[in-house]
>>> print(open('structure05.cif').read())   # mmCIF, C-alpha atoms
data_protein
loop_
_atom_site.label_atom_id
_atom_site.label_comp_id
_atom_site.auth_asym_id
_atom_site.auth_seq_id
_atom_site.Cartn_x
_atom_site.Cartn_y
_atom_site.Cartn_z
CA MET A 652 74.86 138.66 102.21
CA ASP A 653 72.49 139.35 105.12
CA GLU A 654 71.98 143.12 105.42
CA ASN A 655 72.15 142.69 109.19
CA TYR A 656 75.56 141.10 109.02
CA ASN A 657 78.11 142.91 111.15
CA PRO A 658 81.81 142.01 110.83
CA ASN A 659 82.36 143.24 114.39
CA ALA A 660 79.52 141.20 115.84
CA MET A 661 81.75 138.99 117.98
CA ASN A 662 83.57 141.97 119.45
CA ASN A 663 80.28 143.71 120.14
CA GLN A 664 78.84 140.59 121.70
CA ASN A 665 81.80 140.24 124.07
CA ALA A 666 81.39 143.85 125.06
CA THR A 667 77.71 143.24 125.78
CA VAL A 668 78.47 140.32 128.05
CA ASN A 669 80.90 142.37 130.10
CA ASN A 670 78.67 145.46 130.16
CA PRO A 671 75.01 144.37 129.98
CA PRO A 672 72.66 146.91 128.39
CA GLN A 673 70.59 148.85 130.92
CA PRO A 674 66.78 149.13 130.64
CA PRO A 675 65.69 152.42 129.11
CA ILE A 676 64.92 155.17 131.60
CA PRO A 677 61.15 155.85 131.71
CA LYS A 678 59.99 159.20 130.46
CA ALA A 679 59.26 161.83 133.05
CA VAL A 680 55.84 161.67 134.59
CA PRO A 681 53.70 164.36 132.92
CA GLN A 682 53.15 167.19 135.38
CA GLN A 683 50.20 168.91 133.82
CA PRO A 684 47.63 166.16 134.41
CA TYR A 685 48.87 165.78 137.93
CA GLN A 686 48.59 169.55 138.71
CA GLN A 687 45.18 169.99 137.14
CA GLN A 688 43.51 167.23 139.10
CA PRO A 689 43.25 167.59 142.88
CA TYR A 690 45.09 165.09 144.86
CA GLN A 691 41.92 163.88 146.54
CA GLN A 692 40.12 163.18 143.30
CA THR A 693 43.02 161.43 141.62
CA PRO A 694 44.42 158.55 143.57
CA TYR A 695 48.14 158.41 143.67
CA GLN A 696 48.15 155.18 141.78
CA GLN A 697 46.25 156.50 138.79
CA PRO A 698 48.74 159.14 137.59
CA TYR A 699 51.57 156.69 137.91
CA GLN A 700 49.72 154.20 135.80
CA GLN A 701 49.02 156.83 133.23
CA ALA A 702 52.57 158.14 133.26
CA VAL A 703 54.12 154.72 132.82
CA PRO A 704 51.69 152.74 130.66
CA GLN A 705 52.13 149.05 131.20
CA GLN A 706 51.06 147.89 127.78
CA PRO A 707 53.61 149.90 125.76
CA TYR A 708 56.31 148.81 128.16
CA GLN A 709 55.39 145.18 127.61
CA GLN A 710 55.31 145.64 123.85
CA GLN A 711 58.75 147.17 123.84
CA PRO A 712 60.92 145.25 126.30
CA PRO A 713 64.23 146.84 127.20
CA TYR A 714 66.25 144.35 125.20
CA GLN A 715 64.25 144.99 122.07
CA GLN A 716 65.28 148.62 122.24
CA VAL A 717 68.94 147.72 122.39
CA PRO A 718 70.33 148.12 118.84
CA GLN A 719 70.84 144.72 117.32
CA GLN A 720 74.31 145.63 116.14
CA GLN A 721 75.45 146.20 119.72
CA PHE A 722 74.38 142.72 120.70
CA GLY A 723 75.84 140.98 117.69
CA GLY A 724 72.44 140.85 116.05
CA ALA A 725 69.21 139.58 117.59
CA PRO A 726 69.87 136.30 119.46
CA VAL A 727 67.43 134.35 117.33
CA GLN A 728 68.91 135.71 114.11
CA THR A 729 72.44 135.01 115.33
CA GLN A 730 71.58 131.38 116.01
CA VAL A 731 69.96 131.05 112.59
CA LYS A 732 73.08 132.51 111.02
CA LYS A 733 75.30 130.03 112.80
CA LYS A 734 73.09 127.13 111.82
CA SER A 735 73.06 128.37 108.24
CA ASN A 736 76.85 128.57 108.15
CA GLY A 737 77.11 125.13 109.73
CA ALA A 738 74.77 123.69 107.12
CA VAL A 739 76.76 125.25 104.27
CA ILE A 740 80.05 123.96 105.70
CA GLY A 741 78.50 120.51 106.15
CA ILE A 742 77.34 120.46 102.53
CA ILE A 743 80.78 121.54 101.27
CA ALA A 744 82.47 118.88 103.40
CA ALA A 745 80.07 116.24 102.09
CA VAL A 746 80.75 117.28 98.49
CA LEU A 747 84.50 117.10 99.08
CA ILE A 748 84.23 113.65 100.66
CA ILE A 749 82.13 112.42 97.75
CA ALA A 750 84.65 113.86 95.29
CA ILE A 751 87.59 112.21 97.07
CA VAL A 752 85.84 108.86 97.34
CA GLY A 753 84.79 109.14 93.72
CA ALA A 754 88.38 109.86 92.64
CA LEU A 755 89.65 106.88 94.62
CA PHE A 756 86.93 104.72 93.13
CA LEU A 757 87.82 105.80 89.62
CA ALA A 758 91.52 105.24 90.30
CA GLY A 759 90.76 101.86 91.76
CA SER A 760 88.70 100.95 88.71
CA LYS A 761 91.48 101.73 86.24
CA PRO A 762 92.32 98.49 84.42
CA GLU A 763 96.02 99.42 84.47
CA LYS A 764 96.04 99.31 88.27
CA LYS A 765 96.53 95.53 88.31
CA PHE A 766 99.95 96.06 86.72
CA TYR A 767 101.22 98.88 88.92
CA GLY A 768 104.44 98.00 90.72
CA GLU A 769 107.53 95.88 90.12
CA TRP A 770 107.42 92.48 88.47
CA SER A 771 109.86 89.85 87.27
CA SER A 772 109.48 87.31 84.51
CA ASN A 773 111.63 84.30 83.72
CA GLN A 774 112.23 84.12 79.98
CA ASP A 775 113.03 80.56 78.95
CA LEU A 776 114.38 80.65 75.40
CA THR A 777 115.98 77.19 75.50
CA GLU A 778 113.98 75.60 72.70
CA LYS A 779 114.28 78.62 70.47
CA PHE A 780 118.03 78.70 71.07
CA LYS A 781 118.38 75.01 70.26
CA GLU A 782 116.55 75.58 67.00
CA SER A 783 119.25 78.05 65.97
CA PHE A 784 121.89 75.39 66.72
CA GLY A 785 120.34 72.93 64.33
CA GLU A 786 121.69 69.37 64.57
CA ASN A 787 124.49 70.46 66.90
CA ALA A 788 121.90 71.27 69.57
CA LYS A 789 122.09 67.63 70.70
CA TYR A 790 125.63 68.24 71.95
CA LEU A 791 124.46 70.91 74.39
CA GLY A 792 123.04 68.25 76.69
CA ASP A 793 119.58 67.54 78.02
CA ASP A 794 120.06 69.77 81.07
CA PHE A 795 121.03 72.82 79.03
CA LYS A 796 119.02 75.95 79.75
CA TYR A 797 119.08 79.28 78.02
CA GLU A 798 116.99 81.53 80.24
CA PHE A 799 117.19 84.86 82.04
CA THR A 800 114.99 87.21 84.07
CA VAL A 801 113.38 90.42 82.87
CA ASP A 802 112.42 93.04 85.46
CA PHE A 803 109.33 95.11 84.73
CA VAL A 804 108.18 98.34 86.35
CA PHE A 805 104.69 99.65 85.61
CA ASN A 806 104.17 103.19 86.88
CA GLU A 807 100.96 104.94 87.87
CA ASP A 808 101.45 107.48 85.07
CA ASN A 809 101.02 104.54 82.68
CA THR A 810 104.66 104.35 81.67
CA TYR A 811 106.73 101.20 81.94
CA LYS A 812 110.23 99.85 81.53
CA ALA A 813 111.58 96.35 80.97
CA GLU A 814 115.21 95.48 81.71
CA ILE A 815 117.18 92.26 81.63
CA ASN A 816 118.30 91.35 85.13
CA LYS A 817 122.11 91.54 85.12
CA ASP A 818 122.72 88.72 87.61
CA SER A 819 120.49 86.33 85.68
CA TYR A 820 122.12 87.32 82.37
CA ASP A 821 125.65 86.83 83.69
CA LYS A 822 124.70 83.39 85.03
CA MET A 823 123.09 82.44 81.75
CA MET A 824 126.22 83.37 79.79
CA SER A 825 128.48 81.55 82.27
CA ASP A 826 126.37 78.39 81.98
CA TYR A 827 126.30 78.75 78.20
CA LYS A 828 130.09 78.89 77.99
CA VAL A 829 130.34 75.66 79.99
CA ALA A 830 127.72 74.01 77.75
CA LEU A 831 129.41 75.32 74.59
CA LYS A 832 132.76 73.86 75.64
CA LYS A 833 131.15 70.46 76.24
CA ALA A 834 129.33 70.69 72.92
CA THR A 835 132.57 71.51 71.05
CA ILE A 836 134.36 68.49 72.56
CA ALA A 837 131.40 66.15 71.92
CA SER A 838 131.00 67.41 68.35
CA THR A 839 134.72 66.89 67.62
CA ARG A 840 134.64 63.34 68.99
CA ASN A 841 131.56 62.52 66.93
CA GLN A 842 132.85 64.00 63.65
CA TYR A 843 136.25 62.35 63.83
CA PRO A 844 135.99 58.60 64.52
CA ALA A 845 139.74 58.49 65.26
CA PHE A 846 139.07 60.50 68.38
CA SER A 847 136.09 58.43 69.54
CA SER A 848 138.14 56.86 72.34
CA TYR A 849 139.79 60.13 73.40
CA SER A 850 138.92 61.66 76.75
CA ASP A 851 137.62 65.22 77.08
CA GLU A 852 141.03 66.38 78.26
CA GLU A 853 142.81 64.81 75.24
CA ILE A 854 140.42 66.31 72.73
CA THR A 855 140.72 69.70 74.49
CA ALA A 856 144.52 69.52 74.12
CA LEU A 857 144.17 68.76 70.38
CA LEU A 858 141.76 71.66 69.87
CA GLU A 859 143.93 74.12 71.79
CA ALA A 860 146.96 73.05 69.73
CA SER A 861 144.99 73.73 66.55
CA LEU A 862 143.54 77.05 67.76
CA GLY A 863 146.75 78.32 69.30
CA LYS A 864 144.99 79.32 72.51
CA LYS A 865 143.07 77.89 75.40
CA LEU A 866 139.64 76.55 74.52
CA ASP A 867 138.06 78.69 77.28
CA GLU A 868 139.80 81.74 75.89
CA TYR A 869 138.62 80.93 72.41
CA ILE A 870 135.01 80.68 73.60
CA ASP A 871 135.31 83.94 75.55
CA ASP A 872 136.62 85.72 72.46
CA SER A 873 133.79 84.28 70.37
CA LEU A 874 131.23 85.71 72.76
CA ALA A 875 133.00 89.02 73.45
CA ASP A 876 130.24 91.05 71.82
CA TYR A 877 127.55 89.49 74.01
CA THR A 878 128.24 91.57 77.12
CA TYR A 879 125.41 92.55 79.40
CA GLU A 880 125.89 96.25 78.68
CA LYS A 881 125.61 95.80 74.94
CA THR A 882 122.74 93.36 75.17
CA ALA A 883 120.85 95.61 77.59
CA GLN A 884 121.37 98.61 75.34
CA GLU A 885 119.81 96.74 72.44
CA THR A 886 117.00 94.99 74.29
CA ASN A 887 115.94 97.04 77.34
CA ILE A 888 112.85 99.07 76.49
CA SER A 889 110.51 101.63 78.02
CA GLY A 890 107.34 103.30 76.89
CA ASN A 891 103.67 103.83 77.56
CA PHE A 892 101.20 101.12 78.39
CA LYS A 893 97.45 100.66 78.38
CA VAL A 894 95.12 97.86 79.42
CA GLU A 895 91.79 97.00 77.85
CA ASP A 896 89.98 93.87 78.95
CA ASN A 897 92.68 91.17 78.81
CA LYS A 898 94.95 93.07 76.43
CA LEU A 899 98.21 94.79 77.40
CA PHE A 900 99.39 97.45 74.94
CA LEU A 901 103.05 98.56 75.05
CA SER A 902 104.65 101.34 73.04
CA ASN A 903 108.32 101.21 72.12
CA GLY A 904 109.32 104.53 73.66
CA THR A 905 107.59 107.05 75.92
CA ASP A 906 107.35 109.43 72.97
CA LYS A 907 105.46 106.86 70.92
CA GLN A 908 101.74 106.27 70.78
CA ILE A 909 100.07 102.97 71.58
CA ASP A 910 99.59 100.78 68.52
CA PRO A 911 96.09 99.27 68.79
CA ASN A 912 97.14 96.39 66.52
CA VAL A 913 100.02 95.20 68.71
CA TYR A 914 99.30 93.81 72.17
CA ALA A 915 99.89 91.01 74.63
CA VAL A 916 97.03 88.77 75.72
CA PHE A 917 97.17 88.05 79.43
CA GLU A 918 95.40 86.07 82.10
CA GLU A 919 95.29 87.38 85.66
CA LYS A 920 95.90 84.41 87.94
CA SER A 921 96.03 86.47 91.15
CA ASP A 922 97.09 89.87 92.47
CA THR A 923 100.72 88.74 92.21
CA GLU A 924 100.70 86.54 89.10
CA ILE A 925 99.84 87.44 85.50
CA VAL A 926 100.47 85.12 82.56
CA ILE A 927 101.15 86.42 79.05
CA THR A 928 99.53 83.78 76.84
CA ASP A 929 100.05 85.40 73.45
CA TYR A 930 101.55 88.43 71.75
CA LEU A 931 99.80 89.59 68.60
CA SER A 932 101.02 91.91 65.90
CA ASN A 933 98.37 92.72 63.30
CA GLY A 934 96.54 89.55 64.22
CA GLU A 935 99.57 87.24 64.07
CA THR A 936 101.52 85.74 66.96
CA ASN A 937 104.94 87.30 67.52
CA ASP A 938 107.03 85.13 69.86
CA LYS A 939 110.15 87.27 69.59
CA VAL A 940 109.00 89.75 72.23
CA PHE A 941 107.93 87.40 75.02
CA ALA A 942 108.66 83.78 75.68
CA LEU A 943 105.20 82.27 75.36
CA PRO A 944 103.68 81.62 77.74
CA SER A 945 105.43 84.10 80.03
CA THR A 946 104.60 84.55 83.71
CA LEU A 947 104.96 87.85 85.56
CA ILE A 948 105.45 87.56 89.32
CA LYS A 949 104.99 90.65 91.48
CA LYS A 950 107.93 91.44 93.74
#
>>> encode(input="structure05.cif", output="structure tokens")
Amino acid sequence: MDENYNPNAMNNQNATVNNPPQPPIPKAVPQQPYQQQPYQQTPYQQPYQQAVPQQPYQQQPPYQQVPQQQFGGAPVQTQVKKKSNGAVIGIIAAVLIIAIVGALFLAGSKPEKKFYGEWSSNQDLTEKFKESFGENAKYLGDDFKYEFTVDFVFNEDNTYKAEINKDSYDKMMSDYKVALKKATIASTRNQYPAFSSYSDEEITALLEASLGKKLDEYIDDSLADYTYEKTAQETNISGNFKVEDNKLFLSNGTDKQIDPNVYAVFEEKSDTEIVITDYLSNGETNDKVFALPSTLIKK
């Protein structure tokens, strides 16, 4: 710290402005030289010049004799101090700005940033579902669809969650029940030639007589365990995620670490569209996690 620094400098400076320092009073004119020399031999001007030397007065101006502390420090030093403080503050501000910009740049460069936000993905499992039906899949009809939407949320703390959209699931199950009823009627007509000329209503009546309940009720009971709540409990997931190059790593649980051998391969089409082209587990494709290809659309 400057040894001339005075914490009360501003107060002292204000006091100086209101009460300007007075020039120092000149010392008394020496009497002895004046008495010893006759007035005629010593012009009046000479003793005065000797009593008040001009050169010392010029070397010590009145304001230089004013204590620096009373004036807030010498004016030149005060200005230097202010400039010094201003320079230090400017440097600190510049460092802070650089740090902030650098942090934003680093955040902006995070590969995970492209995923931040809410996304939805249509999962079309029609072909896979038909495979499980075997030969009876032909009775489902050409317009049959088994698909639903999954909602994704990727957070800035690199956690995520994936949930089946309830509205899309309920619609899928409603459509499936309609398709399953048609498939049951068509399968019955095909397996029993005697019923080949029967209408859908007539075959439905025969089936209901055999089952002892309405065909719709029978189908509902058969699918009673496939409620949204139960399905969501078994399939909705959350965890941590990481992105490296074109690989998306997902952990099954926020308390679980990322498995470097399990990841989705993606292609970024735009800021609002990402396509999952493959899902690898230990080098082998696993199509039970995502419908492949699977497109994520940003909401």
>>> resolve_selection(input="structure05.cif", expression="the PyMOL selection byres ((chain A and resi 909) around 8)", output="PDB file with C-alpha atoms, in the frame of the given file")
ATOM      1  CA  ASN A 891     103.670 103.830  77.560  1.00  0.00           C
ATOM      2  CA  PHE A 892     101.200 101.120  78.390  1.00  0.00           C
ATOM      3  CA  LYS A 893      97.450 100.660  78.380  1.00  0.00           C
ATOM      4  CA  PHE A 900      99.390  97.450  74.940  1.00  0.00           C
ATOM      5  CA  LEU A 901     103.050  98.560  75.050  1.00  0.00           C
ATOM      6  CA  SER A 902     104.650 101.340  73.040  1.00  0.00           C
ATOM      7  CA  LYS A 907     105.460 106.860  70.920  1.00  0.00           C
ATOM      8  CA  GLN A 908     101.740 106.270  70.780  1.00  0.00           C
ATOM      9  CA  ASP A 910      99.590 100.780  68.520  1.00  0.00           C
ATOM     10  CA  PRO A 911      96.090  99.270  68.790  1.00  0.00           C
TER      11      PRO A 911
END
>>> atom_distance(input="structure05.cif", atom1="CA of Asn937 in chain A", atom2="CA of Lys898 in chain A")
14.6 Å
>>> closest_residue(input="structure05.cif", among="A:Tyr879, A:Phe941, A:Tyr914, A:Tyr930", to="Ser825 in chain A", atoms="all atoms listed in the file")
A:Tyr879
>>> resolve_selection(input="structure05.cif", expression="the PyMOL selection byres ((chain A and resi 766-772) around 7)", output="list in words")
Glu763, Lys764, Lys765, Asn773, Gln774, Thr800, Val801, Asp802, Phe803, Val804, Phe805, Asn806, Glu807, Ser945, Thr946, Leu947, Ile948, Lys949 and Lys950 of chain A
>>> atom_distance(input="structure05.cif", atom1="CA of Gly934 in chain A", atom2="CA of Asn903 in chain A")
18.4 Å
>>> resolve_selection(input="structure05.cif", expression="the PyMOL selection byres ((chain A and resi 780) around 12)", output="PyMOL selection string")
chain A and resi 774-779+781-789+791+795-798+827+939+942
>>> write_last_selection(input="structure05.cif", atoms="C-alpha atoms", output="JSON list (two decimals), in the frame of the given file")
[["chain", "number", "residue", "atom", "x", "y", "z"],
["A", 774, "GLN", "CA", 112.23, 84.12, 79.98],
["A", 775, "ASP", "CA", 113.03, 80.56, 78.95],
["A", 776, "LEU", "CA", 114.38, 80.65, 75.40],
["A", 777, "THR", "CA", 115.98, 77.19, 75.50],
["A", 778, "GLU", "CA", 113.98, 75.60, 72.70],
["A", 779, "LYS", "CA", 114.28, 78.62, 70.47],
["A", 781, "LYS", "CA", 118.38, 75.01, 70.26],
["A", 782, "GLU", "CA", 116.55, 75.58, 67.00],
["A", 783, "SER", "CA", 119.25, 78.05, 65.97],
["A", 784, "PHE", "CA", 121.89, 75.39, 66.72],
["A", 785, "GLY", "CA", 120.34, 72.93, 64.33],
["A", 786, "GLU", "CA", 121.69, 69.37, 64.57],
["A", 787, "ASN", "CA", 124.49, 70.46, 66.90],
["A", 788, "ALA", "CA", 121.90, 71.27, 69.57],
["A", 789, "LYS", "CA", 122.09, 67.63, 70.70],
["A", 791, "LEU", "CA", 124.46, 70.91, 74.39],
["A", 795, "PHE", "CA", 121.03, 72.82, 79.03],
["A", 796, "LYS", "CA", 119.02, 75.95, 79.75],
["A", 797, "TYR", "CA", 119.08, 79.28, 78.02],
["A", 798, "GLU", "CA", 116.99, 81.53, 80.24],
["A", 827, "TYR", "CA", 126.30, 78.75, 78.20],
["A", 939, "LYS", "CA", 110.15, 87.27, 69.59],
["A", 942, "ALA", "CA", 108.66, 83.78, 75.68]]
>>> closest_residue(input="structure05.cif", among="A:Gly792, A:Leu931, A:Asn809, A:Gly904", to="Ser889 in chain A", atoms="only C-alpha atoms")
A:Gly904
>>> closest_residue(input="structure05.cif", among="A:Pro944, A:Tyr811, A:Met824, A:Gly863", to="Ala875 in chain A", atoms="only C-alpha atoms")
A:Met824
>>> atom_distance(input="structure05.cif", atom1="CA of Leu874 in chain A", atom2="CA of Val940 in chain A")
22.6 Å
>>> closest_residue(input="structure05.cif", among="A:Thr905, A:Asn933, A:Asn912, A:Thr835", to="Lys812 in chain A", atoms="all atoms listed in the file")
A:Thr905
>>> residues_near_point(input="structure05.cif", point="(91.6, 89.3, 75.6)", cutoff="8 Å", atoms="all atoms listed in the file", output="ChimeraX atom specification")
/A:896-898,916-917
>>> build_atoms(input="structure05.cif", residues="range 758-775 of chain A", atoms="N, CA and C atoms", output="PDB file, keeping the file's coordinate frame")
ATOM      1  N   ALA A 758      90.135 105.712  90.379  1.00  0.00           N
ATOM      2  CA  ALA A 758      91.520 105.240  90.300  1.00  0.00           C
ATOM      3  C   ALA A 758      91.581 103.733  90.511  1.00  0.00           C
ATOM      4  N   GLY A 759      90.758 103.279  91.473  1.00  0.00           N
ATOM      5  CA  GLY A 759      90.760 101.860  91.760  1.00  0.00           C
ATOM      6  C   GLY A 759      90.178 101.037  90.622  1.00  0.00           C
ATOM      7  N   SER A 760      89.323 101.671  89.793  1.00  0.00           N
ATOM      8  CA  SER A 760      88.700 100.950  88.710  1.00  0.00           C
ATOM      9  C   SER A 760      89.531 100.966  87.438  1.00  0.00           C
ATOM     10  N   LYS A 761      90.633 101.690  87.426  1.00  0.00           N
ATOM     11  CA  LYS A 761      91.480 101.730  86.240  1.00  0.00           C
ATOM     12  C   LYS A 761      92.016 100.340  85.937  1.00  0.00           C
ATOM     13  N   PRO A 762      91.846  99.852  84.736  1.00  0.00           N
ATOM     14  CA  PRO A 762      92.320  98.490  84.420  1.00  0.00           C
ATOM     15  C   PRO A 762      93.837  98.355  84.521  1.00  0.00           C
ATOM     16  N   GLU A 763      94.571  99.486  84.376  1.00  0.00           N
ATOM     17  CA  GLU A 763      96.020  99.420  84.470  1.00  0.00           C
ATOM     18  C   GLU A 763      96.508  99.167  85.893  1.00  0.00           C
ATOM     19  N   LYS A 764      95.623  99.402  86.878  1.00  0.00           N
ATOM     20  CA  LYS A 764      96.040  99.310  88.270  1.00  0.00           C
ATOM     21  C   LYS A 764      96.594  97.936  88.613  1.00  0.00           C
ATOM     22  N   LYS A 765      96.076  96.891  87.989  1.00  0.00           N
ATOM     23  CA  LYS A 765      96.530  95.530  88.310  1.00  0.00           C
ATOM     24  C   LYS A 765      97.993  95.320  87.957  1.00  0.00           C
ATOM     25  N   PHE A 766      98.551  96.192  87.115  1.00  0.00           N
ATOM     26  CA  PHE A 766      99.950  96.060  86.720  1.00  0.00           C
ATOM     27  C   PHE A 766     100.895  96.955  87.521  1.00  0.00           C
ATOM     28  N   TYR A 767     100.358  97.934  88.225  1.00  0.00           N
ATOM     29  CA  TYR A 767     101.220  98.880  88.920  1.00  0.00           C
ATOM     30  C   TYR A 767     102.182  98.162  89.867  1.00  0.00           C
ATOM     31  N   GLY A 768     103.444  98.576  89.826  1.00  0.00           N
ATOM     32  CA  GLY A 768     104.440  98.000  90.720  1.00  0.00           C
ATOM     33  C   GLY A 768     105.576  97.334  89.957  1.00  0.00           C
ATOM     34  N   GLU A 769     106.367  96.556  90.683  1.00  0.00           N
ATOM     35  CA  GLU A 769     107.530  95.880  90.120  1.00  0.00           C
ATOM     36  C   GLU A 769     107.249  94.399  89.956  1.00  0.00           C
ATOM     37  N   TRP A 770     107.653  93.877  88.802  1.00  0.00           N
ATOM     38  CA  TRP A 770     107.420  92.480  88.470  1.00  0.00           C
ATOM     39  C   TRP A 770     108.696  91.866  87.903  1.00  0.00           C
ATOM     40  N   SER A 771     108.749  90.555  87.918  1.00  0.00           N
ATOM     41  CA  SER A 771     109.860  89.850  87.270  1.00  0.00           C
ATOM     42  C   SER A 771     109.279  88.701  86.456  1.00  0.00           C
ATOM     43  N   SER A 772     109.959  88.387  85.384  1.00  0.00           N
ATOM     44  CA  SER A 772     109.480  87.310  84.510  1.00  0.00           C
ATOM     45  C   SER A 772     110.670  86.491  84.028  1.00  0.00           C
ATOM     46  N   ASN A 773     110.590  85.195  84.205  1.00  0.00           N
ATOM     47  CA  ASN A 773     111.630  84.300  83.720  1.00  0.00           C
ATOM     48  C   ASN A 773     111.384  84.005  82.244  1.00  0.00           C
ATOM     49  N   GLN A 774     112.359  84.333  81.417  1.00  0.00           N
ATOM     50  CA  GLN A 774     112.230  84.120  79.980  1.00  0.00           C
ATOM     51  C   GLN A 774     113.058  82.902  79.567  1.00  0.00           C
ATOM     52  N   ASP A 775     112.364  81.807  79.331  1.00  0.00           N
ATOM     53  CA  ASP A 775     113.030  80.560  78.950  1.00  0.00           C
ATOM     54  C   ASP A 775     113.036  80.452  77.431  1.00  0.00           C
TER      55      ASP A 775
END
